[in-house]
>>> print(open('query16.csv').read())   # CSV, C-alpha atoms
chain,number,residue,atom,x,y,z
I,1,MET,CA,-7.9,-7.0,-17.2
I,2,SER,CA,-5.2,-8.6,-19.3
I,3,ALA,CA,-2.6,-11.3,-18.5
I,4,ARG,CA,0.1,-8.8,-17.8
I,5,PRO,CA,1.0,-8.2,-14.1
I,6,PHE,CA,-1.4,-5.9,-12.3
I,7,ASN,CA,0.0,-2.4,-11.6
I,8,VAL,CA,-0.8,-1.2,-8.1
I,9,LEU,CA,-0.1,2.2,-6.7
I,10,PHE,CA,0.0,2.8,-3.0
I,11,LEU,CA,-0.7,6.4,-2.0
I,12,CYS,CA,0.2,8.3,1.2
I,13,THR,CA,0.7,12.0,1.9
I,14,GLY,CA,4.5,12.0,2.3
I,15,ASN,CA,5.5,8.8,0.5
I,16,SER,CA,8.2,8.2,3.0
I,17,ALA,CA,7.0,5.3,5.1
I,18,ARG,CA,3.8,3.3,4.7
I,19,SER,CA,3.4,3.6,0.9
I,20,ILE,CA,7.1,2.7,0.4
I,21,MET,CA,6.7,-0.3,2.7
I,22,ALA,CA,3.6,-1.4,0.8
I,23,GLU,CA,5.5,-1.1,-2.5
I,24,ALA,CA,8.3,-3.3,-1.1
I,25,ILE,CA,5.9,-5.9,0.3
I,26,LEU,CA,3.8,-6.3,-2.8
I,27,ASN,CA,6.8,-6.4,-5.1
I,28,LYS,CA,8.1,-9.3,-3.0
I,29,LEU,CA,4.8,-11.2,-2.3
I,30,GLY,CA,3.3,-10.6,-5.7
I,31,ALA,CA,6.4,-11.0,-7.9
I,32,GLY,CA,5.3,-11.9,-11.4
I,33,LYS,CA,1.6,-11.3,-10.7
I,34,PHE,CA,1.8,-7.6,-9.5
I,35,ARG,CA,4.0,-4.6,-10.0
I,36,ALA,CA,3.8,-2.1,-7.1
I,37,TYR,CA,4.5,1.6,-7.1
I,38,SER,CA,4.2,4.3,-4.4
I,39,ALA,CA,3.7,8.0,-4.4
I,40,GLY,CA,2.5,10.9,-2.2
I,41,SER,CA,0.2,13.9,-2.5
I,42,GLN,CA,2.8,16.0,-0.7
I,43,PRO,CA,6.0,13.9,-1.0
I,44,LYS,CA,8.7,14.5,1.7
I,45,GLY,CA,11.4,14.3,-0.8
I,46,ARG,CA,13.2,11.5,1.0
I,47,VAL,CA,12.3,8.1,2.3
I,48,ASN,CA,12.2,8.0,6.1
I,49,PRO,CA,15.4,6.5,7.4
I,50,HIS,CA,13.5,4.1,9.7
I,51,THR,CA,11.7,2.7,6.7
I,52,ILE,CA,15.0,2.1,4.9
I,53,GLN,CA,16.5,0.5,8.0
I,54,LEU,CA,13.5,-1.8,8.5
I,55,LEU,CA,13.3,-2.8,4.8
I,56,GLN,CA,17.1,-3.5,4.7
I,57,SER,CA,16.8,-5.6,7.9
I,58,LEU,CA,14.2,-7.7,6.1
I,59,GLY,CA,16.5,-8.2,3.1
I,60,CYS,CA,14.9,-5.7,0.7
I,61,ASP,CA,17.0,-3.8,-1.8
I,62,THR,CA,16.1,-0.2,-1.0
I,63,SER,CA,18.3,1.5,-3.7
I,64,GLY,CA,15.4,2.2,-6.0
I,65,PHE,CA,13.0,3.8,-3.4
I,66,ARG,CA,12.4,7.5,-3.6
I,67,SER,CA,9.7,9.9,-2.3
I,68,LYS,CA,7.7,11.1,-5.4
I,69,SER,CA,4.5,12.8,-6.3
I,70,TRP,CA,1.4,11.0,-7.4
I,71,SER,CA,1.3,13.3,-10.4
I,72,GLU,CA,4.0,11.1,-12.0
I,73,PHE,CA,1.4,8.4,-12.3
I,74,ALA,CA,-1.3,10.6,-13.9
I,75,LYS,CA,0.9,11.7,-16.8
I,76,PRO,CA,1.0,10.3,-20.3
I,77,GLY,CA,3.4,7.3,-20.4
I,78,ALA,CA,2.9,6.3,-16.8
I,79,PRO,CA,2.2,2.7,-16.0
I,80,ALA,CA,-1.5,1.8,-16.6
I,81,LEU,CA,-2.8,1.3,-13.1
I,82,ASP,CA,-5.2,-1.5,-12.2
I,83,PHE,CA,-5.5,-0.7,-8.4
I,84,VAL,CA,-4.8,2.4,-6.3
I,85,PHE,CA,-4.8,2.0,-2.5
I,86,THR,CA,-4.5,4.8,0.0
I,87,VAL,CA,-2.7,3.7,3.1
I,88,CYS,CA,-3.1,6.8,5.2
I,89,ASP,CA,-6.1,8.9,6.3
I,90,ASN,CA,-5.0,12.1,4.8
I,91,ALA,CA,-4.6,10.7,1.3
I,92,ALA,CA,-8.0,9.1,1.5
I,93,GLY,CA,-9.7,12.4,2.0
I,94,GLU,CA,-7.7,14.3,-0.6
I,95,VAL,CA,-8.9,14.8,-4.2
I,96,CYS,CA,-6.9,12.4,-6.2
I,97,PRO,CA,-5.9,12.9,-9.8
I,98,LEU,CA,-8.0,11.2,-12.4
I,99,TRP,CA,-6.2,8.0,-13.1
I,100,PRO,CA,-6.2,6.8,-16.8
I,101,GLY,CA,-8.0,3.6,-17.2
I,102,GLN,CA,-10.2,4.0,-14.0
I,103,PRO,CA,-8.3,1.6,-11.7
I,104,MET,CA,-10.1,0.0,-8.7
I,105,THR,CA,-9.5,1.9,-5.5
I,106,ALA,CA,-9.8,1.2,-1.8
I,107,HIS,CA,-8.6,2.8,1.5
I,108,TRP,CA,-6.3,0.7,3.6
I,109,GLY,CA,-5.5,3.2,6.4
I,110,ILE,CA,-2.5,2.4,8.6
I,111,PRO,CA,-1.3,4.5,11.6
I,112,ASP,CA,1.7,6.7,10.5
I,113,PRO,CA,4.9,5.3,12.1
I,114,ALA,CA,6.7,8.5,11.2
I,115,GLU,CA,4.6,10.2,13.8
I,116,ALA,CA,5.8,7.8,16.6
I,117,LYS,CA,7.4,9.4,19.6
I,118,GLY,CA,9.6,7.9,22.3
I,119,SER,CA,12.7,5.9,22.5
I,120,ALA,CA,14.4,4.4,19.5
I,121,ALA,CA,12.9,1.0,20.4
I,122,GLU,CA,9.4,2.5,20.6
I,123,VAL,CA,9.8,4.2,17.2
I,124,GLY,CA,11.2,1.0,15.7
I,125,LEU,CA,8.2,-0.9,17.0
I,126,ALA,CA,5.8,1.6,15.4
I,127,PHE,CA,7.5,0.9,12.0
I,128,LYS,CA,7.4,-2.8,12.5
I,129,GLU,CA,3.8,-2.7,13.4
I,130,ALA,CA,2.9,-0.7,10.3
I,131,TYR,CA,4.9,-3.1,8.2
I,132,ARG,CA,3.1,-6.1,9.8
I,133,MET,CA,-0.4,-4.6,9.2
I,134,LEU,CA,0.5,-3.8,5.6
I,135,PHE,CA,2.0,-7.3,5.1
I,136,GLN,CA,-1.2,-8.9,6.4
I,137,ARG,CA,-3.5,-6.9,4.1
I,138,ILE,CA,-1.2,-7.3,1.0
I,139,ALA,CA,-1.0,-11.1,1.7
I,140,VAL,CA,-4.8,-11.3,1.6
I,141,PHE,CA,-4.9,-9.2,-1.5
I,142,THR,CA,-2.4,-11.3,-3.4
I,143,ALA,CA,-4.4,-14.5,-2.5
I,144,LEU,CA,-7.6,-13.1,-4.2
I,145,PRO,CA,-8.6,-14.8,-7.4
I,146,ILE,CA,-8.6,-11.4,-9.1
I,147,ARG,CA,-9.0,-12.6,-12.7
I,148,SER,CA,-12.1,-14.7,-11.8
I,149,LEU,CA,-14.0,-12.1,-9.7
I,150,ASP,CA,-16.5,-9.7,-11.2
I,151,GLN,CA,-15.8,-6.0,-10.6
I,152,LEU,CA,-18.4,-5.6,-7.8
I,153,SER,CA,-17.2,-8.7,-5.9
I,154,LEU,CA,-13.6,-7.6,-6.3
I,155,GLN,CA,-14.4,-4.1,-5.0
I,156,LYS,CA,-16.2,-5.5,-2.0
I,157,GLN,CA,-13.1,-7.7,-1.2
I,158,LEU,CA,-10.8,-4.7,-1.5
I,159,GLU,CA,-12.9,-2.7,0.9
I,160,GLU,CA,-13.1,-5.6,3.3
I,161,ILE,CA,-9.3,-5.8,3.3
I,162,GLY,CA,-9.2,-2.2,4.3
I,163,ARG,CA,-11.5,-2.9,7.3
I,164,MET,CA,-9.4,-5.7,8.7
I,165,GLN,CA,-9.1,-5.1,12.4
I,166,ARG,CA,-5.5,-4.4,13.2
I,167,ALA,CA,-4.9,-6.1,9.9
I,168,THR,CA,-4.3,-9.5,11.6
I,169,GLY,CA,-6.9,-11.4,9.6
I,170,ARG,CA,-8.1,-13.0,12.8
I,171,VAL,CA,-11.8,-13.6,13.2
I,172,THR,CA,-13.3,-13.0,16.6
I,173,GLU,CA,-16.5,-14.5,17.8
I,174,PRO,CA,-19.3,-12.1,18.6
I,175,SER,CA,-20.0,-11.8,22.3
>>> encode(input="query16.csv", output="structure tokens")
Amino acid sequence: MSARPFNVLFLCTGNSARSIMAEAILNKLGAGKFRAYSAGSQPKGRVNPHTIQLLQSLGCDTSGFRSKSWSEFAKPGAPALDFVFTVCDNAAGEVCPLWPGQPMTAHWGIPDPAEAKGSAAEVGLAFKEAYRMLFQRIAVFTALPIRSLDQLSLQKQLEEIGRMQRATGRVTEPS
């Protein structure tokens, strides 16, 4: 992999909540080292308003976010992808396009906050929880010594990040 920033695509089915949050988080945490994108297999056509509200409350510029198809990233002229992460269960089981350059892939499933029911506070909490879990995983990812790891070790690390319990990074003692 070259010295240019790593291009990372986050995939979800609707590209309206989790993948958008992941794009925002990585572009903030990995500025200069990573360039994040997001897309969906069946994009909703708009970003979930709760996603926009949460990101704005955290100081993110949301003007450039839009719900888009993953096919945009499989076309000639699309950014060369280094990593593709699915952040929802549906996208993990779908047949993805063939990505030029064979990027490394991993599944980092997060519960869908857009499916949350209840009061405005309960729905807001579901979005905050999804953001927190994504933030934890992405923080671990950005700390990896990517350029010094061999492909097999790096793939193992990416898969381990996806298995983080509740994405807290806490280690519990076996009982």
>>> closest_residue(input="query16.csv", among="I:Gly118, I:Gly101, I:Gly64, I:Pro5", to="Lys33 in chain I", atoms="all atoms listed in the file")
I:Pro5
>>> residues_near_point(input="query16.csv", point="(-0.8, 0.1, -7.9)", cutoff="8 Å", atoms="all atoms listed in the file", output="VMD selection string")
chain I and resid 6 to 10 35 to 38 81 to 85
>>> residues_around(input="query16.csv", residues="Asp112 in chain I", least_positions_apart="4", cutoff="9 Å", atoms="only C-alpha atoms", output="NGL selection string")
:I and (17-18 or 88 or 116 or 126-127 or 130)
>>> closest_residue(input="query16.csv", among="I:Ser41, I:Thr105, I:Ser16, I:Gln157", to="Trp70 in chain I", atoms="all atoms listed in the file")
I:Ser41
>>> residues_near_point(input="query16.csv", point="(-13.2, -0.2, -0.9)", cutoff="7 Å", atoms="all atoms listed in the file", output="list in words")
Thr105, Ala106, His107, Gln155, Lys156, Leu158, Glu159, Glu160 and Gly162 of chain I
>>> closest_residue(input="query16.csv", among="I:Ile20, I:Ala114, I:Ile161, I:Leu11", to="Ile138 in chain I", atoms="all atoms listed in the file")
I:Ile161
>>> atom_distance(input="query16.csv", atom1="CA of Lys44 in chain I", atom2="CA of Pro111 in chain I")
17.3 Å
>>> closest_residue(input="query16.csv", among="I:Ile25, I:Ala3, I:Met164, I:Ala31", to="Tyr131 in chain I", atoms="only C-alpha atoms")
I:Ile25
>>> residues_around(input="query16.csv", residues="Phe135 in chain I", least_positions_apart="5", cutoff="12 Å", atoms="all atoms listed in the file", output="ChimeraX atom specification")
/I:18-19,21-30,108,110,128-130,140-142,161,166-169
>>> write_last_selection(input="query16.csv", atoms="C-alpha atoms", output="mmCIF file, in the coordinates of the input")
data_model
loop_
_atom_site.group_PDB
_atom_site.id
_atom_site.type_symbol
_atom_site.label_atom_id
_atom_site.label_comp_id
_atom_site.auth_asym_id
_atom_site.auth_seq_id
_atom_site.Cartn_x
_atom_site.Cartn_y
_atom_site.Cartn_z
ATOM 1 C CA ARG I 18 3.800 3.300 4.700
ATOM 2 C CA SER I 19 3.400 3.600 0.900
ATOM 3 C CA MET I 21 6.700 -0.300 2.700
ATOM 4 C CA ALA I 22 3.600 -1.400 0.800
ATOM 5 C CA GLU I 23 5.500 -1.100 -2.500
ATOM 6 C CA ALA I 24 8.300 -3.300 -1.100
ATOM 7 C CA ILE I 25 5.900 -5.900 0.300
ATOM 8 C CA LEU I 26 3.800 -6.300 -2.800
ATOM 9 C CA ASN I 27 6.800 -6.400 -5.100
ATOM 10 C CA LYS I 28 8.100 -9.300 -3.000
ATOM 11 C CA LEU I 29 4.800 -11.200 -2.300
ATOM 12 C CA GLY I 30 3.300 -10.600 -5.700
ATOM 13 C CA TRP I 108 -6.300 0.700 3.600
ATOM 14 C CA ILE I 110 -2.500 2.400 8.600
ATOM 15 C CA LYS I 128 7.400 -2.800 12.500
ATOM 16 C CA GLU I 129 3.800 -2.700 13.400
ATOM 17 C CA ALA I 130 2.900 -0.700 10.300
ATOM 18 C CA VAL I 140 -4.800 -11.300 1.600
ATOM 19 C CA PHE I 141 -4.900 -9.200 -1.500
ATOM 20 C CA THR I 142 -2.400 -11.300 -3.400
ATOM 21 C CA ILE I 161 -9.300 -5.800 3.300
ATOM 22 C CA ARG I 166 -5.500 -4.400 13.200
ATOM 23 C CA ALA I 167 -4.900 -6.100 9.900
ATOM 24 C CA THR I 168 -4.300 -9.500 11.600
ATOM 25 C CA GLY I 169 -6.900 -11.400 9.600
#
>>> closest_residue(input="query16.csv", among="I:Glu115, I:Gly109, I:Gln151, I:Gly40", to="Met133 in chain I", atoms="all atoms listed in the file")
I:Gly109
>>> atom_distance(input="query16.csv", atom1="CA of Arg147 in chain I", atom2="CA of Phe65 in chain I")
29.0 Å
>>> atom_distance(input="query16.csv", atom1="CA of Gln56 in chain I", atom2="CA of Ser71 in chain I")
27.6 Å
>>> residues_around(input="query16.csv", residues="Lys75 in chain I", least_positions_apart="3", cutoff="9 Å", atoms="only C-alpha atoms", output="list in words")
Ser71, Glu72, Ala78, Trp99 and Pro100 of chain I
>>> write_last_selection(input="query16.csv", atoms="C-alpha atoms", output="PDB file, in the frame of the given file")
ATOM      1  CA  SER I  71       1.300  13.300 -10.400  1.00  0.00           C
ATOM      2  CA  GLU I  72       4.000  11.100 -12.000  1.00  0.00           C
ATOM      3  CA  ALA I  78       2.900   6.300 -16.800  1.00  0.00           C
ATOM      4  CA  TRP I  99      -6.200   8.000 -13.100  1.00  0.00           C
ATOM      5  CA  PRO I 100      -6.200   6.800 -16.800  1.00  0.00           C
TER       6      PRO I 100
END
>>> closest_residue(input="query16.csv", among="I:Ser69, I:Met104, I:Arg137, I:Glu122", to="Leu152 in chain I", atoms="all atoms listed in the file")
I:Met104
